[in-house]
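Here is the structure we will look at.
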Amino acid sequence: METLRLENITKRYGNNTVVSNANLNVAKNEFVTIVGPSGCGKTTMLRMIAGFIEPTEGRILLDDEEIVNTAKKIFVPPEKRGIGMVFQSYAVWPHMNVFDNVSYPLRIRKMNKQLIREKTMEILRVVHLEQYVERYPHELSGGQQQRVALARALVMEPRVLLLDEPLSNLDAKLRETMRFEIKQIQQKMGVTIIYVTHDQIEAMTMSDKVVVMNAGHVMQIGTPQEIYNEPVNSFVAKFIGSANVFPCRRLDRPAAAGKMAVEALGVQMEVPFKETKQQEGLLAVRPHHVFPKEDSPLKARIIGKLYQGDRIDYMLQVQDQQLSWIADASDEHQYELNDVIGIEFKKSLWLDE
Amino acid sequence: MTERQKSSSSAALPLAGRQSADFATIAPHLVWWGTILLLAFIVFYPSIVLIVNSFKAGGEFTLANYQRLFQDPKLYTSMLNSLKVVVPSTLIGTVLGVVLAWIVARTDIPGKKIWQILIAVPYLIPPFIGAIAWTYLLGPIGWFNKWYMQLSGASSPLIDIYSLGGMIFVMSIYGYAIPYVVVLPAFKMIDASVEEAARISGASTWRIMRDVSIPLLMPSIMGGMLLLFMNLLADFGIPAVLGAPKQIHLMTTEIYVTILNADLSNNLQIAAAYSMLLALFGIIGLQLYQKIVKSSKYVVVSGKSTSAEMIKLGKWKYPISAGLGIVVFLTAVAPVAAAFFTSLIRAYGAPITWSNLTFRNYARLFSIESIQRALTNSFTLSAVSGIMIAFLGLMLAYMIIRMNKRGARLVEGLIALPYAVPGTIVALSMILAFLNPIPIIHLSLYNTYWILLIAYLARFMNLGLQTLSGAVTQIHPSLEEASRISGAAPMRAFWDIMVPLLRPSFYAAFFLVMIPALGEITLSALLWSVGNETIGVIVFSMQEEGKVTLTAAMASILIVTVFLLNAIVKIVSKGKMGI
């Protein structure tokens, strides 16, 4: 039984399709991140799960119970879903102190006062805010307000916890700290988390599963390793990490085991085998998988060089393509602008699109 | 927390379809459509009746009324008078307002906080009270003229305020408040970098003002000027006090006289046609204003910009402070002092000595029955309309902004109409609509307390809606959503989150309606009846009857009350609203 399941979820506003046919399964205690550029539909997805937006088509099931079914006109409102949510702006209520903010979900559920106090103080301890119970939001820092929002969402022991770009308003140092803490809390308390962000580093470092979205479509769902090593298309390849992507043509001649012969950049080479029906396609090579090779038939001219301390970012001109190459700065060879060198790709990937 | 138990109410997920209709879901719809019905009754219906009547003469449809407008010399003259008075007043008032705004916003004049309050005082004083107060100074036997005649030995006064010139003077003095209030925020928000770019290019302070600042602020200045023009054109109080006694009529008082002229056949319909013309001016003005305000070409003022440098006045501090002092003296101190002293004097015209001062006028005031009634009526009318408008404003603002209701723009338009259109026209439309008893229910509203209440509601509803709309937009929707996801149903979320956060604005709206409603004259002058007098009506009629000291006493009471209410608004809204 999955905790959360989205089936063929679509959201349209007039002629504008914001989310198109999304499918997703989330298992218990999984940390799932939905990542993508602005406008890709990730926040809409999250708000459909929360119940603030009604899908145009599709089903949503929570613990195997239907909370949305557009065909049968089933729609459970947000207050009845037992889902917790941390908003991007934290949405901490200015007219209530920390205790009242965090205990609110329990007060709605009319628990007895003693129990409310216990549970609230316990969750405040988890987020390290127990000394601030009496304080009001305007007396707290941004990071502290965010913890209040987190505590409030967790106190009701939600089936699923939704986080809408929670770290985007924090400075870099605080972001790192909170990333770690959120993950810790999740593991300690055992919560299923759906996390929305545009930051692919957050997606990669925190998640069990990553959902990459673009323009309303789910591009790929997989573990961080799968997403990084086996992107299904050039969008995912370029969005997660960075990638050089250029045209490539499959050759019919046989190749070594596990490989296939292709022609790209005016040169023939052998790349890892990929099942495909297409003759023409794309080749994706990550910048740090480019290596200099003296007698390589593939020649490149260095047209840009940026020294970064631990590495050097080179820009290469190969035929009509510009490729990015990241080299370890401790290499003996340091190349200069306009040098022509031979290169090879230690790792590459065929992409249909 | 080792065991995760599902708390009771989140575990129960109803598998049934949408929640069946219960009170919580129907209530908002009831309020919405109920309001639309109310607005249809108090705004739409009277408007239609007014328009239709303008085309009726002797029971048939005709353009005769409109033809009269341009043939009857009286009507024609009053139109010209209006323009002769309003246009110069608008120009003077705008220049004065802009200069004052500039001094307050852009210079380092000392005592800024106090000046800001004092400069805004005219906003609180009802214009006709200001006009009356000025008659104590510049009327034929006003203090100023008496001193002049004593000093120079002349036998006739120097200045007669009962004239076109007098009206221009008073309108300019009180009018500056509107452009001031409109332009001041724009001055404060202008982006420093546009001026700094000019300075680094070599421009002097004066050149910067001329080439950069003023052109950028033109839309605000134009907007303020238009608002002032419409406001002055629609004003009834000042021409009624300063013009009517000498039969000098502006459009508004001409309409008033026509309405009261029972001898003229078809008088209401003629007045209706005249109103349409006046309303046309107003609507054109409003459209122009919207266009100017919306044109984004000049938007270099943003919320985040660093504010521009303050101009150091140096030795100019003294003359400019003196200038401010003169303005404040003329607009606030002199008339208010004149009103107070006149109210305390034993008999009008007597010199001010200790033996001539007395509270007798106040005592007499409270002993007259019609005045007691007027005080009660005005306070209850203002309070009741205040409460109703605050409530309706709260609910409508919430529904329009958060709930995307159908017909929102229609509702906003119907609410804005009676506020934008001159009060005289609103009153006439009420008369025409409710002169005869309402069919079917046989309810007669004319000459009752209720017609006044309805007129006040229609007239001031916009204030409530604007105040609360501003407040609602400041509250981020996620605050309510957080409540919803924590388990609260929509009404609970509204009660727990919106209501506490909107409470200050709610109270402010109540008082912001009470303030103009207490001193209201334009609607009351036409809709009152014996037993249903208001403060404005009493002051007006006593002024006409020449009961100067009593009028002064009443005016003083009104001024003090309004100041008090303003102070309450400031406290209640934590300084965000009010002068």
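Ligands are numbered from 1 in the order shown, residues from 1 within each chain, and chains are lettered A, B, ... in the order they appear in the structure tokens.
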
Practice problem: Go through segment 174-228 of chain A and collect every residue that DSSP, computed from the backbone, puts in alpha helix (DSSP H); the answer should be as a PyMOL selection string. | Solution: chain A and resi 174-189+200-206+224-228

Residues from last step as file, N, CA and C atoms, as a short mmCIF file (atom, residue, chain, number, x, y, z; two decimals), in the first residue's frame:
data_model
loop_
_atom_site.label_atom_id
_atom_site.label_comp_id
_atom_site.auth_asym_id
_atom_site.auth_seq_id
_atom_site.Cartn_x
_atom_site.Cartn_y
_atom_site.Cartn_z
N LEU A 174 22.22 28.94 6.60
CA LEU A 174 21.03 28.44 7.29
C LEU A 174 20.36 27.33 6.48
N ARG A 175 20.41 27.51 5.16
CA ARG A 175 19.81 26.51 4.28
C ARG A 175 20.46 25.16 4.50
N GLU A 176 21.80 25.18 4.55
CA GLU A 176 22.52 23.91 4.75
C GLU A 176 22.11 23.26 6.05
N THR A 177 22.06 24.08 7.12
CA THR A 177 21.70 23.54 8.42
C THR A 177 20.31 22.94 8.41
N MET A 178 19.35 23.70 7.81
CA MET A 178 17.96 23.24 7.82
C MET A 178 17.77 21.99 6.98
N ARG A 179 18.52 21.90 5.88
CA ARG A 179 18.44 20.71 5.02
C ARG A 179 18.72 19.47 5.86
N PHE A 180 19.79 19.60 6.62
CA PHE A 180 20.21 18.48 7.45
C PHE A 180 19.17 18.18 8.52
N GLU A 181 18.66 19.22 9.15
CA GLU A 181 17.69 19.02 10.23
C GLU A 181 16.40 18.41 9.75
N ILE A 182 15.93 18.89 8.59
CA ILE A 182 14.67 18.35 8.07
C ILE A 182 14.82 16.85 7.82
N LYS A 183 15.96 16.51 7.22
CA LYS A 183 16.21 15.10 6.93
C LYS A 183 16.26 14.28 8.22
N GLN A 184 16.94 14.84 9.23
CA GLN A 184 17.04 14.15 10.51
C GLN A 184 15.66 13.91 11.11
N ILE A 185 14.86 14.97 11.12
CA ILE A 185 13.53 14.86 11.71
C ILE A 185 12.72 13.80 10.98
N GLN A 186 12.86 13.80 9.67
CA GLN A 186 12.09 12.83 8.91
C GLN A 186 12.46 11.40 9.29
N GLN A 187 13.76 11.19 9.42
CA GLN A 187 14.19 9.82 9.73
C GLN A 187 13.83 9.43 11.14
N LYS A 188 13.97 10.39 12.07
CA LYS A 188 13.70 10.07 13.46
C LYS A 188 12.22 9.81 13.68
N MET A 189 11.37 10.66 13.08
CA MET A 189 9.94 10.55 13.35
C MET A 189 9.22 9.65 12.36
N GLN A 200 18.21 22.03 -7.51
CA GLN A 200 18.46 20.61 -7.75
C GLN A 200 19.42 20.01 -6.73
N ILE A 201 20.21 20.83 -6.09
CA ILE A 201 21.09 20.29 -5.05
C ILE A 201 20.27 19.77 -3.88
N GLU A 202 19.24 20.56 -3.48
CA GLU A 202 18.36 20.08 -2.42
C GLU A 202 17.72 18.77 -2.83
N ALA A 203 17.26 18.74 -4.07
CA ALA A 203 16.59 17.53 -4.56
C ALA A 203 17.51 16.33 -4.46
N MET A 204 18.75 16.50 -4.87
CA MET A 204 19.66 15.37 -4.92
C MET A 204 20.13 14.95 -3.53
N THR A 205 20.36 15.92 -2.65
CA THR A 205 20.95 15.53 -1.38
C THR A 205 19.94 15.01 -0.37
N MET A 206 18.68 15.38 -0.50
CA MET A 206 17.74 15.02 0.55
C MET A 206 16.82 13.85 0.21
N PRO A 224 17.99 9.66 -6.91
CA PRO A 224 18.96 10.66 -7.38
C PRO A 224 20.02 10.07 -8.31
N GLN A 225 20.48 8.85 -8.01
CA GLN A 225 21.48 8.23 -8.87
C GLN A 225 20.94 7.98 -10.27
N GLU A 226 19.71 7.43 -10.32
CA GLU A 226 19.11 7.15 -11.63
C GLU A 226 18.95 8.44 -12.43
N ILE A 227 18.46 9.46 -11.76
CA ILE A 227 18.22 10.73 -12.44
C ILE A 227 19.53 11.30 -12.99
N TYR A 228 20.57 11.18 -12.17
CA TYR A 228 21.84 11.76 -12.58
C TYR A 228 22.52 10.92 -13.66
#

Practice problem: Select residues of chain A: the criterion is any atom within 9 Å of an atom of chain B, counting only C-alpha atoms; output as a ChimeraX atom specification. | Solution: /A:50-52,65-67,72-95,104-106,108-109,111,119,122,149,152-153,156-159,189

Practice problem: Would you kindly return, as a list in words, each protein, DNA or RNA residue with an atom no farther than 9 Å from any atom of segment 214-216 of chain A, considering only C-alpha atoms and excluding same-chain residues fewer than 3 positions away? | Solution: Thr10, Lys11, Thr17, Val18, Val19, Ser20, Asn21, Ala22, Val35, Gly36, Pro37, Ser38, Gly39, Cys40, Gly41, Lys42, Met219, Phe235 and Val236 of chain A

May I have the residues from that selection written out with C-alpha atoms, as a compact mmCIF listing (two decimals), in the first residue's frame?
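Writing done, so here's result-v8.txt:
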# COMPACT_ATOMS: atom_id res chain seq x y z
CA THR A 10 -4.23 17.04 -15.03
CA LYS A 11 -4.93 20.68 -14.27
CA THR A 17 -2.55 23.12 -19.21
CA VAL A 18 -0.50 23.61 -16.10
CA VAL A 19 -0.08 19.96 -15.14
CA SER A 20 -0.45 17.23 -17.71
CA ASN A 21 -1.20 13.62 -16.92
CA ALA A 22 0.98 13.24 -13.86
CA VAL A 35 11.93 19.64 -8.81
CA GLY A 36 11.82 21.81 -11.89
CA PRO A 37 12.17 25.34 -13.22
CA SER A 38 9.70 28.14 -12.42
CA GLY A 39 6.33 27.54 -13.98
CA CYS A 40 6.81 23.80 -14.41
CA GLY A 41 3.75 22.97 -12.35
CA LYS A 42 5.39 21.65 -9.20
CA MET A 219 9.89 14.14 -17.20
CA PHE A 235 16.06 18.41 -20.25
CA VAL A 236 16.72 16.17 -17.28

Quiz item: Can you list, as a ChimeraX atom specification, every residue of segment 302-365 of chain B that DSSP puts in strand (DSSP E or B)?
Solution: /B:307,311,345,357

Given the selection you just returned, output its residues as a file containing C-alpha atoms, formatted as a PDB file, in the first residue's frame.
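Result saved to part-v4.pdb:
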ATOM      1  CA  SER B 307      14.368  57.416  -0.645  1.00  0.00           C
ATOM      2  CA  ILE B 311      17.017  69.014   0.447  1.00  0.00           C
ATOM      3  CA  ILE B 345     -19.633  85.487  22.715  1.00  0.00           C
ATOM      4  CA  LEU B 357     -17.799  85.418  27.043  1.00  0.00           C
TER       5      LEU B 357
END

Exercise. For atom CA of Leu523 of chain B and atom CA of Ile368 of chain B, determine how far apart the two atoms are, in Å to one decimal place.
Key: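 That distance, rounded to one decimal, is 23.0 Å.
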